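Encoded as structure tokens, the structure appears first; notes follow it.
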Amino acid sequence: MSSNKKILILPGDGIGREVMSEVLNIINWMTKNKSVSFDISERLVGGIAYDKEGDSISDTTMQEALDSDAVLFGAVGGPKWDNVERHKRPEAALLRLRKEMDLFANLRPAVVFDALADSSSLKTELIKGLDILILRELTSGVYFGKPRGVEKISEKEEKAFDTQLYTTSEVERIGRVGFDLSRKRSNRLTSVEKANVMETGMFWRKIITDLHKREFSDVELNHMYADNCAMQLVRFPKQFDVIVTDNLFGDLLSDCAAMLTGSLGMLPSASLGSIDSKGKRSGMYEPVHGSAPDIAGQDKANPLAMILSFAMMLKYSFDMSEDAVLIEQAVQNLLSKGFRTPDIKKDNQNAVTTKEMGKAVVEELNILSGK
Ligand code: NAD
């Protein structure tokens with residue numbers, strides 16, 4: 001048995017709980033069938049934590065997240081908590097986790113599974129086989145820069161302002177993650193900013209260029225303006241492999257790339273922090289989708305984004321790429337066999353439930369590993 005891997009499970013609200021259950025079945029499968037043991041603990045987060053513990057994330061839960069090797073997060077929120085005070089709202093838990101775990105690198109793969117290639121709004125030939133990764137800086141830039149606010153400038157006029165701000169080390173650390181990821185894929189990196197019109201854009205480009213020369217000259221580096229990148233993503237997305245960009249552009253471009261693949265229910269993500277003195281990198285893994293109150297409690301949610309987020313955890317936190325690939329292969333096979341939850345089915349196809357899809361993944365894992 002390899003050493004215990006400490007995972008904190010935070011299912012959250014709505015379909016977060018339903019899709020997380022299916023991951024727990026996969027974890028049980030891995031414990032039984034693979035020589036790996038996980039040390040799992042589960043806590044409340046989001047609206048349910050607000051109801052039962054008075055805040056969307058308690059200090060105890062936050063400390064457990066900091067002490068764990070990786071956090072698996074479902075989804076939070078729902079209309080029930082729309083009027084809760086801002087700093088206690090379900091989404092505040094997510095921001096606190098990102099901030100205190102210093103999760104500065106957000107990885108959003110956009111992978112098109114062959115069997116779903118015709119669900120995209122783009123032509124099949126443009127996106128069949130697509131496998132790109134958007135890396136977004138998550139803890140700095142215009143969403144956090146100070147000063148920000150609204151001020152009166154005359155009797156009739158006010159002004160509102162945000163500050164786009166990056167330091168050398170912030171750009172270098174996200175750049176390094178980008179180059180490292182590129183080396184593990186096809187050795188190509190596109191760095192995206194607006195160096196034509198923004199000081200921070202010129203700064204970003206210079207730092208990435210210097211870092212490339214100094215440490216990563218074996219990687220093919222391209223620079224692209226963010227507006228052009230948005231166009232290129234829908235014109236010819238397969239030209240990209242890894243894209244690294246700032247918080248604001250990453251927010252927009254990762255959603256754009258995600259939609260190339262067809263469904264929210266299929267999209268995983270990872271957020272990574274720095275490597276500490278013990279060599280540990282903090283990581284939180286979560287589906288891109290929210291708590292989907294419109295389908296919560298109906299056994300209709302697609303659990304694959306959550307399951308693929310767990311696969312990312314195996315790859316990036318536990319160096320278990322083979323097991324991650326096994327799970328991805330199981331998902332691929334099921335889709336080819338026609339398994340579809342309602343969000344990804346066509347009119348003439350039958351839908352399976354959340355539980356049936358989760359069970360099918362476990363059965364496929366058995367088939368793939370000859371059990
Ligand atoms: P959402 O992602 O929850 O849902 C958008 C649409 O996609 C809905 O029609 C939903 O039914 C569908 N959908 C989402 N995930 C699905 C899945 N796995 N399977 C099948 N269909 C799926 O976004 P929303 O409706 O804008 O937000 C609902 C709540 O979730 C809000 O409170 C919002 O703040 C919160 N939210 C949380 C997160 C998070 O926890 N990371 C992210 C986004 C939204």
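FYI, nothing fancy with the structure tokens labels: chains A, B, ... in order, residues from 1 per chain, ligands from 1 as they appear.
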
List every residue of chain A that has an atom at most 7 Å from any atom of ligand 1, and for each one report the closest atom pair and its distance in Å to one decimal, counting only C-alpha atoms and all ligand atoms, with rows sorted by chain and then by increasing residue number, as CSV.
residue,atom,partner,partner_atom_place_in_ligand_line,distance
A:Gly74,CA,ligand 1,40 (O),6.6
A:Ala75,CA,ligand 1,40 (O),3.4
A:Val76,CA,ligand 1,40 (O),3.9
A:Gly77,CA,ligand 1,32 (O),3.5
A:Gly78,CA,ligand 1,32 (O),3.8
A:Pro79,CA,ligand 1,32 (O),6.1
A:Glu91,CA,ligand 1,34 (O),6.4
A:Leu264,CA,ligand 1,15 (N),5.5
A:Gly265,CA,ligand 1,18 (N),3.7
A:Val288,CA,ligand 1,41 (N),6.1
A:His289,CA,ligand 1,2 (O),3.7
A:Gly290,CA,ligand 1,3 (O),3.2
A:Ser291,CA,ligand 1,30 (O),4.2
A:Ala292,CA,ligand 1,3 (O),3.3
A:Pro293,CA,ligand 1,28 (C),5.9
A:Asp294,CA,ligand 1,11 (O),5.3
A:Ile295,CA,ligand 1,11 (O),5.3
A:Lys300,CA,ligand 1,20 (C),6.5
A:Ala301,CA,ligand 1,19 (N),3.7
A:Asn302,CA,ligand 1,19 (N),3.7
A:Pro303,CA,ligand 1,18 (N),5.7
A:Ala305,CA,ligand 1,18 (N),6.6
A:Pro342,CA,ligand 1,20 (C),6.9
A:Asp343,CA,ligand 1,20 (C),4.9

Using all heavy atoms, can you export the residues from the last selection as a compact mmCIF listing (two decimals), in the first residue's frame?
# COMPACT_ATOMS: atom_id res chain seq x y z
N GLY A 74 -17.51 20.15 -4.56
CA GLY A 74 -18.66 19.92 -5.45
C GLY A 74 -19.13 21.22 -6.07
O GLY A 74 -18.57 21.72 -7.04
N ALA A 75 -20.17 21.81 -5.49
CA ALA A 75 -20.67 23.11 -5.98
C ALA A 75 -21.44 23.74 -4.84
O ALA A 75 -21.96 23.04 -3.96
CB ALA A 75 -21.57 22.91 -7.18
N VAL A 76 -21.54 25.07 -4.86
CA VAL A 76 -22.27 25.75 -3.79
C VAL A 76 -23.27 26.75 -4.37
O VAL A 76 -23.14 27.19 -5.50
CB VAL A 76 -21.33 26.50 -2.82
CG1 VAL A 76 -20.48 25.53 -2.01
CG2 VAL A 76 -20.44 27.50 -3.57
N GLY A 77 -24.24 27.09 -3.53
CA GLY A 77 -25.17 28.16 -3.89
C GLY A 77 -26.57 27.67 -4.18
O GLY A 77 -26.85 26.47 -4.23
N GLY A 78 -27.46 28.64 -4.34
CA GLY A 78 -28.85 28.34 -4.63
C GLY A 78 -29.71 29.50 -4.19
O GLY A 78 -29.27 30.33 -3.37
N PRO A 79 -30.94 29.59 -4.72
CA PRO A 79 -31.79 30.75 -4.43
C PRO A 79 -32.07 30.94 -2.95
O PRO A 79 -32.26 32.07 -2.48
CB PRO A 79 -33.08 30.44 -5.20
CG PRO A 79 -32.95 29.06 -5.75
CD PRO A 79 -31.53 28.64 -5.64
N GLU A 91 -20.85 31.41 -2.13
CA GLU A 91 -19.69 31.61 -3.02
C GLU A 91 -18.49 32.17 -2.26
O GLU A 91 -17.35 32.02 -2.70
CB GLU A 91 -20.06 32.56 -4.16
CG GLU A 91 -21.11 32.02 -5.13
CD GLU A 91 -22.54 32.07 -4.60
OE1 GLU A 91 -22.77 32.65 -3.51
OE2 GLU A 91 -23.43 31.50 -5.27
N LEU A 264 -21.65 21.81 -19.91
CA LEU A 264 -21.12 22.14 -18.59
C LEU A 264 -20.90 20.90 -17.72
O LEU A 264 -19.99 20.86 -16.90
CB LEU A 264 -22.15 22.99 -17.86
CG LEU A 264 -21.98 24.49 -17.76
CD1 LEU A 264 -23.15 25.09 -17.01
CD2 LEU A 264 -20.68 24.83 -17.06
N GLY A 265 -21.73 19.90 -17.92
CA GLY A 265 -21.67 18.70 -17.08
C GLY A 265 -20.46 17.83 -17.34
O GLY A 265 -20.26 16.80 -16.70
N VAL A 288 -16.67 22.64 -13.27
CA VAL A 288 -16.87 24.04 -13.63
C VAL A 288 -18.31 24.49 -13.31
O VAL A 288 -18.56 25.63 -12.99
CB VAL A 288 -16.55 24.23 -15.14
CG1 VAL A 288 -17.03 25.58 -15.65
CG2 VAL A 288 -15.04 24.08 -15.36
N HIS A 289 -19.22 23.53 -13.34
CA HIS A 289 -20.64 23.90 -13.16
C HIS A 289 -20.97 24.27 -11.72
O HIS A 289 -20.19 24.00 -10.80
CB HIS A 289 -21.56 22.77 -13.63
CG HIS A 289 -21.42 21.48 -12.86
ND1 HIS A 289 -21.87 21.32 -11.59
CD2 HIS A 289 -20.87 20.29 -13.21
CE1 HIS A 289 -21.63 20.09 -11.18
NE2 HIS A 289 -21.01 19.44 -12.15
N GLY A 290 -22.14 24.88 -11.54
CA GLY A 290 -22.61 25.25 -10.21
C GLY A 290 -23.53 24.19 -9.62
O GLY A 290 -23.46 23.01 -10.01
N SER A 291 -24.37 24.61 -8.69
CA SER A 291 -25.18 23.64 -7.93
C SER A 291 -26.48 23.28 -8.64
O SER A 291 -27.27 22.49 -8.14
CB SER A 291 -25.50 24.24 -6.56
OG SER A 291 -26.17 25.48 -6.74
N ALA A 292 -26.73 23.90 -9.81
CA ALA A 292 -27.88 23.58 -10.67
C ALA A 292 -29.19 23.35 -9.91
O ALA A 292 -29.76 22.26 -9.94
CB ALA A 292 -27.55 22.35 -11.55
N PRO A 293 -29.70 24.37 -9.23
CA PRO A 293 -30.93 24.19 -8.44
C PRO A 293 -32.11 23.70 -9.28
O PRO A 293 -32.99 23.02 -8.76
CB PRO A 293 -31.23 25.61 -7.92
CG PRO A 293 -30.01 26.41 -8.14
CD PRO A 293 -29.19 25.75 -9.18
N ASP A 294 -32.09 23.99 -10.59
CA ASP A 294 -33.22 23.55 -11.43
C ASP A 294 -33.34 22.04 -11.57
O ASP A 294 -34.41 21.53 -11.86
CB ASP A 294 -33.12 24.21 -12.84
CG ASP A 294 -31.78 23.99 -13.53
OD1 ASP A 294 -30.76 23.77 -12.84
OD2 ASP A 294 -31.75 24.02 -14.78
N ILE A 295 -32.24 21.31 -11.36
CA ILE A 295 -32.34 19.84 -11.48
C ILE A 295 -31.93 19.13 -10.19
O ILE A 295 -31.88 17.90 -10.14
CB ILE A 295 -31.50 19.30 -12.66
CG1 ILE A 295 -30.02 19.74 -12.53
CG2 ILE A 295 -32.08 19.73 -14.00
CD1 ILE A 295 -29.08 18.95 -13.44
N LYS A 300 -30.66 13.72 -12.02
CA LYS A 300 -30.49 14.02 -13.44
C LYS A 300 -29.12 14.59 -13.76
O LYS A 300 -28.77 14.77 -14.92
CB LYS A 300 -31.51 15.10 -13.86
CG LYS A 300 -32.90 14.60 -14.12
CD LYS A 300 -33.71 15.79 -14.63
CE LYS A 300 -35.14 15.41 -14.90
NZ LYS A 300 -35.96 16.61 -15.11
N ALA A 301 -28.38 14.97 -12.73
CA ALA A 301 -27.11 15.68 -12.97
C ALA A 301 -26.08 14.76 -13.61
O ALA A 301 -26.00 13.57 -13.28
CB ALA A 301 -26.57 16.22 -11.66
N ASN A 302 -25.29 15.33 -14.47
CA ASN A 302 -24.18 14.59 -15.08
C ASN A 302 -23.01 14.57 -14.09
O ASN A 302 -22.48 15.63 -13.74
CB ASN A 302 -23.78 15.32 -16.37
CG ASN A 302 -22.73 14.58 -17.15
OD1 ASN A 302 -22.09 13.67 -16.64
ND2 ASN A 302 -22.55 14.97 -18.40
N PRO A 303 -22.59 13.37 -13.64
CA PRO A 303 -21.50 13.33 -12.64
C PRO A 303 -20.12 13.33 -13.28
O PRO A 303 -19.11 13.30 -12.58
CB PRO A 303 -21.75 11.99 -11.94
CG PRO A 303 -22.35 11.12 -13.01
CD PRO A 303 -23.14 12.02 -13.94
N ALA A 305 -18.22 15.59 -14.94
CA ALA A 305 -17.30 16.69 -14.65
C ALA A 305 -16.66 16.49 -13.28
O ALA A 305 -15.46 16.74 -13.09
CB ALA A 305 -18.04 18.03 -14.68
N PRO A 342 -29.26 13.46 -19.20
CA PRO A 342 -30.14 14.28 -20.04
C PRO A 342 -29.43 15.48 -20.69
O PRO A 342 -29.77 15.86 -21.81
CB PRO A 342 -31.22 14.77 -19.06
CG PRO A 342 -31.24 13.74 -17.98
CD PRO A 342 -29.85 13.20 -17.86
N ASP A 343 -28.44 16.07 -20.01
CA ASP A 343 -27.79 17.27 -20.56
C ASP A 343 -27.00 17.00 -21.84
O ASP A 343 -26.74 17.92 -22.61
CB ASP A 343 -26.85 17.89 -19.51
CG ASP A 343 -25.80 16.90 -19.03
OD1 ASP A 343 -26.17 15.77 -18.67
OD2 ASP A 343 -24.61 17.24 -19.01

Identify all residues of range 184-360 of chain A in strand (DSSP E or B) (DSSP on the backbone) and supply them as a PyMOL selection string.
chain A and resi 188-193+220-225+242-245+268-275+281-287

Restricted to N, CA, C and O atoms, what would the selected residues look like written as a CSV table (one decimal), in the first residue's frame?
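So the final result, stored in again_38.csv, reads:
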chain,number,residue,atom,x,y,z
A,188,ARG,N,4.2,23.3,-26.3
A,188,ARG,CA,3.9,24.5,-26.9
A,188,ARG,C,3.1,25.4,-25.9
A,188,ARG,O,2.1,24.9,-25.3
A,189,LEU,N,3.4,26.6,-25.8
A,189,LEU,CA,2.7,27.5,-24.9
A,189,LEU,C,2.3,28.8,-25.6
A,189,LEU,O,3.2,29.4,-26.3
A,190,THR,N,1.1,29.2,-25.4
A,190,THR,CA,0.6,30.5,-26.0
A,190,THR,C,0.4,31.4,-24.8
A,190,THR,O,-0.4,31.1,-23.9
A,191,SER,N,1.1,32.6,-24.7
A,191,SER,CA,0.9,33.5,-23.6
A,191,SER,C,0.0,34.6,-24.1
A,191,SER,O,0.3,35.2,-25.2
A,192,VAL,N,-1.1,35.0,-23.4
A,192,VAL,CA,-2.1,35.9,-23.9
A,192,VAL,C,-2.2,37.1,-23.0
A,192,VAL,O,-2.3,37.0,-21.7
A,193,GLU,N,-2.2,38.3,-23.6
A,193,GLU,CA,-2.4,39.6,-22.8
A,193,GLU,C,-2.8,40.6,-23.8
A,193,GLU,O,-3.2,40.3,-25.0
A,220,GLU,N,8.2,25.7,-27.2
A,220,GLU,CA,7.8,26.7,-28.2
A,220,GLU,C,6.8,27.7,-27.7
A,220,GLU,O,5.7,27.4,-27.2
A,221,LEU,N,7.2,29.0,-27.6
A,221,LEU,CA,6.4,30.0,-27.0
A,221,LEU,C,5.9,31.0,-28.1
A,221,LEU,O,6.6,31.5,-28.9
A,222,ASN,N,4.5,31.3,-28.0
A,222,ASN,CA,3.9,32.3,-28.8
A,222,ASN,C,3.2,33.3,-27.9
A,222,ASN,O,2.7,32.9,-26.9
A,223,HIS,N,3.2,34.5,-28.4
A,223,HIS,CA,2.4,35.6,-27.7
A,223,HIS,C,1.2,35.9,-28.5
A,223,HIS,O,1.3,35.9,-29.8
A,224,MET,N,0.1,36.2,-27.9
A,224,MET,CA,-1.1,36.5,-28.6
A,224,MET,C,-1.9,37.6,-27.9
A,224,MET,O,-2.0,37.5,-26.6
A,225,TYR,N,-2.6,38.5,-28.6
A,225,TYR,CA,-3.5,39.5,-27.9
A,225,TYR,C,-4.8,38.7,-27.5
A,225,TYR,O,-5.2,37.9,-28.3
A,242,VAL,N,-1.4,24.6,-24.7
A,242,VAL,CA,-1.6,25.3,-23.4
A,242,VAL,C,-1.6,26.8,-23.7
A,242,VAL,O,-0.8,27.3,-24.4
A,243,ILE,N,-2.6,27.4,-23.0
A,243,ILE,CA,-2.7,28.9,-23.1
A,243,ILE,C,-2.6,29.4,-21.7
A,243,ILE,O,-3.2,28.9,-20.8
A,244,VAL,N,-1.6,30.4,-21.5
A,244,VAL,CA,-1.5,30.9,-20.1
A,244,VAL,C,-1.9,32.4,-20.2
A,244,VAL,O,-1.5,33.1,-21.1
A,245,THR,N,-2.7,32.8,-19.2
A,245,THR,CA,-3.2,34.2,-19.3
A,245,THR,C,-3.6,34.7,-17.9
A,245,THR,O,-3.6,34.0,-16.9
A,268,PRO,N,-14.2,19.5,-16.0
A,268,PRO,CA,-13.5,19.5,-14.7
A,268,PRO,C,-12.6,20.7,-14.6
A,268,PRO,O,-12.3,21.4,-15.6
A,269,SER,N,-12.0,21.0,-13.4
A,269,SER,CA,-11.0,22.0,-13.3
A,269,SER,C,-10.1,21.7,-12.1
A,269,SER,O,-10.5,20.9,-11.2
A,270,ALA,N,-9.0,22.3,-12.1
A,270,ALA,CA,-8.0,22.2,-10.9
A,270,ALA,C,-7.5,23.6,-10.6
A,270,ALA,O,-7.3,24.4,-11.5
A,271,SER,N,-7.3,23.8,-9.3
A,271,SER,CA,-6.6,25.1,-8.9
A,271,SER,C,-5.5,24.7,-8.0
A,271,SER,O,-5.6,24.0,-7.0
A,272,LEU,N,-4.3,25.1,-8.4
A,272,LEU,CA,-3.1,24.7,-7.7
A,272,LEU,C,-2.3,25.9,-7.1
A,272,LEU,O,-2.4,27.0,-7.6
A,273,GLY,N,-1.7,25.6,-6.0
A,273,GLY,CA,-0.9,26.6,-5.3
A,273,GLY,C,0.6,26.4,-5.5
A,273,GLY,O,1.0,25.6,-6.3
A,274,SER,N,1.4,27.1,-4.7
A,274,SER,CA,2.9,26.9,-4.8
A,274,SER,C,3.3,25.6,-4.1
A,274,SER,O,2.6,25.1,-3.3
A,275,ILE,N,4.5,25.2,-4.4
A,275,ILE,CA,5.1,24.1,-3.8
A,275,ILE,C,5.7,24.5,-2.4
A,275,ILE,O,6.5,25.5,-2.5
A,281,ARG,N,2.4,20.6,-3.1
A,281,ARG,CA,1.6,21.7,-3.8
A,281,ARG,C,0.2,21.6,-3.4
A,281,ARG,O,-0.4,20.5,-3.6
A,282,SER,N,-0.4,22.6,-2.9
A,282,SER,CA,-1.9,22.5,-2.5
A,282,SER,C,-2.7,22.5,-3.8
A,282,SER,O,-2.3,23.1,-4.8
A,283,GLY,N,-3.8,21.8,-3.7
A,283,GLY,CA,-4.7,21.7,-4.9
A,283,GLY,C,-6.1,21.5,-4.5
A,283,GLY,O,-6.5,20.9,-3.6
A,284,MET,N,-7.0,22.2,-5.3
A,284,MET,CA,-8.4,22.0,-5.1
A,284,MET,C,-9.0,21.7,-6.5
A,284,MET,O,-8.6,22.3,-7.5
A,285,TYR,N,-9.9,20.7,-6.5
A,285,TYR,CA,-10.4,20.2,-7.8
A,285,TYR,C,-12.0,20.3,-7.7
A,285,TYR,O,-12.6,19.9,-6.8
A,286,GLU,N,-12.5,20.8,-8.8
A,286,GLU,CA,-14.0,21.0,-8.8
A,286,GLU,C,-14.5,21.0,-10.2
A,286,GLU,O,-13.8,21.5,-11.2
A,287,PRO,N,-15.8,20.6,-10.4
A,287,PRO,CA,-16.4,20.8,-11.7
A,287,PRO,C,-16.6,22.3,-12.0
A,287,PRO,O,-16.7,23.1,-11.1

So which residues touch Pro90 in chain A within 12 Å, counting only C-alpha atoms, skipping near sequence neighbours fewer than 5 positions away, as number ranges by chain?
A: 12-14, 44-51, 54-58, 75-85, 95-97, 290-291

Check which residues of range 225-296 of chain A sit at most 9 Å from range 113-119 of chain A using only C-alpha atoms, and return one row each with the closest pair of atoms and their distance in Å to one decimal, ordered by chain and rising number, as CSV.
residue,atom,partner,partner_atom,distance
A:Leu260,CA,A:Ser119,CA,9.0
A:Thr261,CA,A:Ala117,CA,7.4
A:Gly262,CA,A:Ser119,CA,5.2
A:Ser263,CA,A:Ser119,CA,7.9

From the set A:Lys355, A:Ser317, A:Glu363, A:Val177, which residue has the shortest atom-to-atom contact distance to Gly279 in chain A, counting only C-alpha atoms?
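Using only C-alpha atoms, the shortest distance to Gly279 in chain A belongs to A:Ser317.
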
Nearest residue to Ile208 in chain A out of A:Ile174, A:Ile9, A:Leu130, A:Ala230, using only C-alpha atoms?
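Distance minimum relative to Ile208 in chain A lands on A:Ile174.
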
Using only C-alpha atoms, which residues sit within 7 Å of range 160-171 of chain A once same-chain residues fewer than 2 positions away are excluded, as a PyMOL selection string?
chain A and resi 140-142+145-151+158+173-175+200+204+207

So that I can see what lies close to Val331 in chain A, please list as a CSV table (one decimal) with N, CA, C and O atoms, in the first residue's frame the residues with an atom at most 12 Å from it, counting only C-alpha atoms and leaving out residues fewer than 5 positions away in the same chain.
chain,number,residue,atom,x,y,z
A,112,VAL,N,-12.6,17.5,-26.1
A,112,VAL,CA,-13.9,17.0,-26.8
A,112,VAL,C,-13.8,15.5,-27.0
A,112,VAL,O,-12.9,15.0,-27.6
A,113,PHE,N,-14.7,14.8,-26.3
A,113,PHE,CA,-14.7,13.3,-26.4
A,113,PHE,C,-15.4,13.1,-27.8
A,113,PHE,O,-16.4,13.7,-28.2
A,114,ASP,N,-14.8,12.1,-28.5
A,114,ASP,CA,-15.2,11.8,-29.9
A,114,ASP,C,-16.7,11.7,-30.0
A,114,ASP,O,-17.4,12.2,-30.9
A,115,ALA,N,-17.3,10.9,-29.0
A,115,ALA,CA,-18.7,10.6,-29.1
A,115,ALA,C,-19.6,11.8,-28.9
A,115,ALA,O,-20.8,11.8,-29.2
A,116,LEU,N,-19.0,12.9,-28.4
A,116,LEU,CA,-19.8,14.1,-28.2
A,116,LEU,C,-19.5,15.2,-29.2
A,116,LEU,O,-19.9,16.4,-29.0
A,266,MET,N,-19.6,18.2,-18.3
A,266,MET,CA,-18.5,17.4,-18.7
A,266,MET,C,-17.1,18.1,-18.3
A,266,MET,O,-16.1,17.6,-18.6
A,302,ASN,N,-25.3,15.3,-14.5
A,302,ASN,CA,-24.2,14.6,-15.1
A,302,ASN,C,-23.0,14.6,-14.1
A,302,ASN,O,-22.5,15.6,-13.7
A,303,PRO,N,-22.6,13.4,-13.6
A,303,PRO,CA,-21.5,13.3,-12.6
A,303,PRO,C,-20.1,13.3,-13.3
A,303,PRO,O,-19.1,13.3,-12.6
A,304,LEU,N,-20.0,13.4,-14.6
A,304,LEU,CA,-18.7,13.2,-15.3
A,304,LEU,C,-17.7,14.3,-15.0
A,304,LEU,O,-16.5,14.1,-14.9
A,305,ALA,N,-18.2,15.6,-14.9
A,305,ALA,CA,-17.3,16.7,-14.7
A,305,ALA,C,-16.7,16.5,-13.3
A,305,ALA,O,-15.5,16.7,-13.1
A,306,MET,N,-17.5,16.0,-12.3
A,306,MET,CA,-17.0,15.8,-11.0
A,306,MET,C,-15.9,14.6,-11.0
A,306,MET,O,-14.9,14.7,-10.4
A,307,ILE,N,-16.3,13.6,-11.7
A,307,ILE,CA,-15.4,12.4,-11.8
A,307,ILE,C,-14.1,12.8,-12.5
A,307,ILE,O,-13.0,12.4,-12.1
A,308,LEU,N,-14.2,13.6,-13.5
A,308,LEU,CA,-13.0,14.0,-14.3
A,308,LEU,C,-12.2,14.9,-13.4
A,308,LEU,O,-10.9,15.0,-13.6
A,311,ALA,N,-10.1,12.8,-11.4
A,311,ALA,CA,-9.0,12.3,-12.2
A,311,ALA,C,-7.9,13.3,-12.3
A,311,ALA,O,-6.7,12.9,-12.2
A,324,ALA,N,-5.4,8.2,-13.5
A,324,ALA,CA,-6.3,9.3,-14.1
A,324,ALA,C,-6.7,8.9,-15.5
A,324,ALA,O,-7.8,9.1,-15.9
A,325,VAL,N,-5.7,8.4,-16.3
A,325,VAL,CA,-6.0,8.0,-17.7
A,325,VAL,C,-7.0,6.9,-17.7
A,325,VAL,O,-7.9,6.9,-18.6
A,326,LEU,N,-6.9,6.0,-16.7
A,326,LEU,CA,-7.9,4.9,-16.7
A,326,LEU,C,-9.3,5.4,-16.5
A,326,LEU,O,-10.3,5.0,-17.2
A,336,SER,N,-18.9,6.4,-25.8
A,336,SER,CA,-19.0,5.7,-27.1
A,336,SER,C,-20.0,4.6,-27.1
A,336,SER,O,-20.6,4.3,-28.1
A,337,LYS,N,-20.3,4.0,-25.9
A,337,LYS,CA,-21.3,3.0,-25.8
A,337,LYS,C,-22.7,3.6,-25.8
A,337,LYS,O,-23.7,2.9,-25.6
A,338,GLY,N,-22.8,5.0,-25.7
A,338,GLY,CA,-24.1,5.6,-25.8
A,338,GLY,C,-24.7,6.0,-24.4
A,338,GLY,O,-25.8,6.5,-24.4
A,339,PHE,N,-23.9,5.9,-23.3
A,339,PHE,CA,-24.4,6.4,-22.0
A,339,PHE,C,-24.5,7.9,-22.1
A,339,PHE,O,-23.5,8.6,-22.3
A,340,ARG,N,-25.7,8.4,-21.7
A,340,ARG,CA,-25.9,9.9,-21.7
A,340,ARG,C,-26.8,10.3,-20.6
A,340,ARG,O,-27.9,9.7,-20.4
A,357,MET,N,-25.1,6.5,-14.3
A,357,MET,CA,-23.8,6.9,-14.9
A,357,MET,C,-22.7,6.6,-14.0
A,357,MET,O,-21.6,6.1,-14.5
A,358,GLY,N,-22.8,6.9,-12.7
A,358,GLY,CA,-21.7,6.7,-11.8
A,358,GLY,C,-21.4,5.2,-11.7
A,358,GLY,O,-20.2,4.8,-11.7
A,359,LYS,N,-22.5,4.4,-11.7
A,359,LYS,CA,-22.3,2.9,-11.6
A,359,LYS,C,-21.6,2.4,-12.8
A,359,LYS,O,-20.8,1.5,-12.8
A,360,ALA,N,-22.0,3.0,-14.0
A,360,ALA,CA,-21.5,2.5,-15.2
A,360,ALA,C,-20.0,2.8,-15.3
A,360,ALA,O,-19.2,2.0,-15.9
A,361,VAL,N,-19.5,3.9,-14.7
A,361,VAL,CA,-18.1,4.2,-14.7
A,361,VAL,C,-17.4,3.2,-13.9
A,361,VAL,O,-16.3,2.6,-14.4
A,362,VAL,N,-17.9,2.8,-12.8
A,362,VAL,CA,-17.3,1.8,-11.9
A,362,VAL,C,-17.2,0.5,-12.7
A,362,VAL,O,-16.2,-0.2,-12.7
A,363,GLU,N,-18.3,0.1,-13.4
A,363,GLU,CA,-18.3,-1.2,-14.1
A,363,GLU,C,-17.3,-1.1,-15.3
A,363,GLU,O,-16.6,-2.1,-15.5
A,364,GLU,N,-17.2,0.0,-15.9
A,364,GLU,CA,-16.2,0.2,-17.0
A,364,GLU,C,-14.8,0.1,-16.5
A,364,GLU,O,-13.9,-0.5,-17.1
A,365,LEU,N,-14.6,0.6,-15.3
A,365,LEU,CA,-13.2,0.5,-14.6
A,365,LEU,C,-12.9,-1.0,-14.4
A,365,LEU,O,-11.8,-1.4,-14.6
A,368,LEU,N,-12.0,-2.5,-17.8
A,368,LEU,CA,-10.7,-2.0,-18.3
A,368,LEU,C,-9.5,-2.6,-17.5
A,368,LEU,O,-8.5,-2.8,-18.1

Contacts of Lys238 in chain A at 8 Å (only C-alpha atoms; same-chain gap of 6+ positions) as JSON, numbers by chain
{"A": [126, 127, 130, 131, 132]}

Based on the selection just made, write all heavy atoms of those residues as a compact mmCIF listing (two decimals), in the first residue's frame.
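File written: again-v7.txt
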# COMPACT_ATOMS: atom_id res chain seq x y z
N LEU A 126 -13.94 20.96 -36.81
CA LEU A 126 -13.10 21.95 -36.12
C LEU A 126 -12.74 21.49 -34.70
O LEU A 126 -11.69 21.87 -34.18
CB LEU A 126 -13.84 23.29 -36.00
CG LEU A 126 -13.88 24.18 -37.22
CD1 LEU A 126 -14.63 25.47 -36.90
CD2 LEU A 126 -12.46 24.52 -37.67
N ILE A 127 -13.62 20.71 -34.09
CA ILE A 127 -13.37 20.42 -32.68
C ILE A 127 -13.14 18.92 -32.38
O ILE A 127 -12.73 18.58 -31.26
CB ILE A 127 -14.50 20.96 -31.78
CG1 ILE A 127 -15.87 20.55 -32.29
CG2 ILE A 127 -14.46 22.45 -31.65
CD1 ILE A 127 -16.38 19.44 -31.54
N LEU A 130 -10.24 17.71 -30.10
CA LEU A 130 -9.70 18.89 -29.41
C LEU A 130 -9.26 18.54 -27.98
O LEU A 130 -9.98 17.85 -27.26
CB LEU A 130 -10.77 20.00 -29.34
CG LEU A 130 -10.31 21.30 -28.68
CD1 LEU A 130 -9.43 22.10 -29.64
CD2 LEU A 130 -11.49 22.16 -28.26
N ASP A 131 -8.08 19.00 -27.60
CA ASP A 131 -7.59 18.77 -26.25
C ASP A 131 -6.66 19.94 -25.91
O ASP A 131 -5.48 19.92 -26.23
CB ASP A 131 -6.82 17.43 -26.21
CG ASP A 131 -6.25 17.13 -24.84
OD1 ASP A 131 -6.36 17.99 -23.93
OD2 ASP A 131 -5.68 16.04 -24.65
N ILE A 132 -7.24 21.00 -25.33
CA ILE A 132 -6.43 22.15 -24.98
C ILE A 132 -6.56 22.45 -23.48
O ILE A 132 -7.47 21.93 -22.82
CB ILE A 132 -6.78 23.42 -25.81
CG1 ILE A 132 -8.22 23.88 -25.56
CG2 ILE A 132 -6.56 23.19 -27.28
CD1 ILE A 132 -8.60 25.13 -26.35

Could you tell me how far CA of Lys194 in chain A lies from CA of Asp102 in chain A, in Å and to one decimal?
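Computing it gives 25.3 Å between the two atoms.
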
How far is it from CA of Ser254 in chain A to CA of Arg108 in chain A, in Å with one decimal?
6.6 Å

Using DSSP on the backbone coordinates, identify all residues within range 251-319 of chain A classified as helix (DSSP H, G or I); present the result as JSON, numbers by chain.
{"A": [251, 252, 253, 254, 255, 256, 257, 258, 259, 260, 264, 265, 266, 304, 305, 306, 307, 308, 309, 310, 311, 312, 313, 314, 315, 316]}
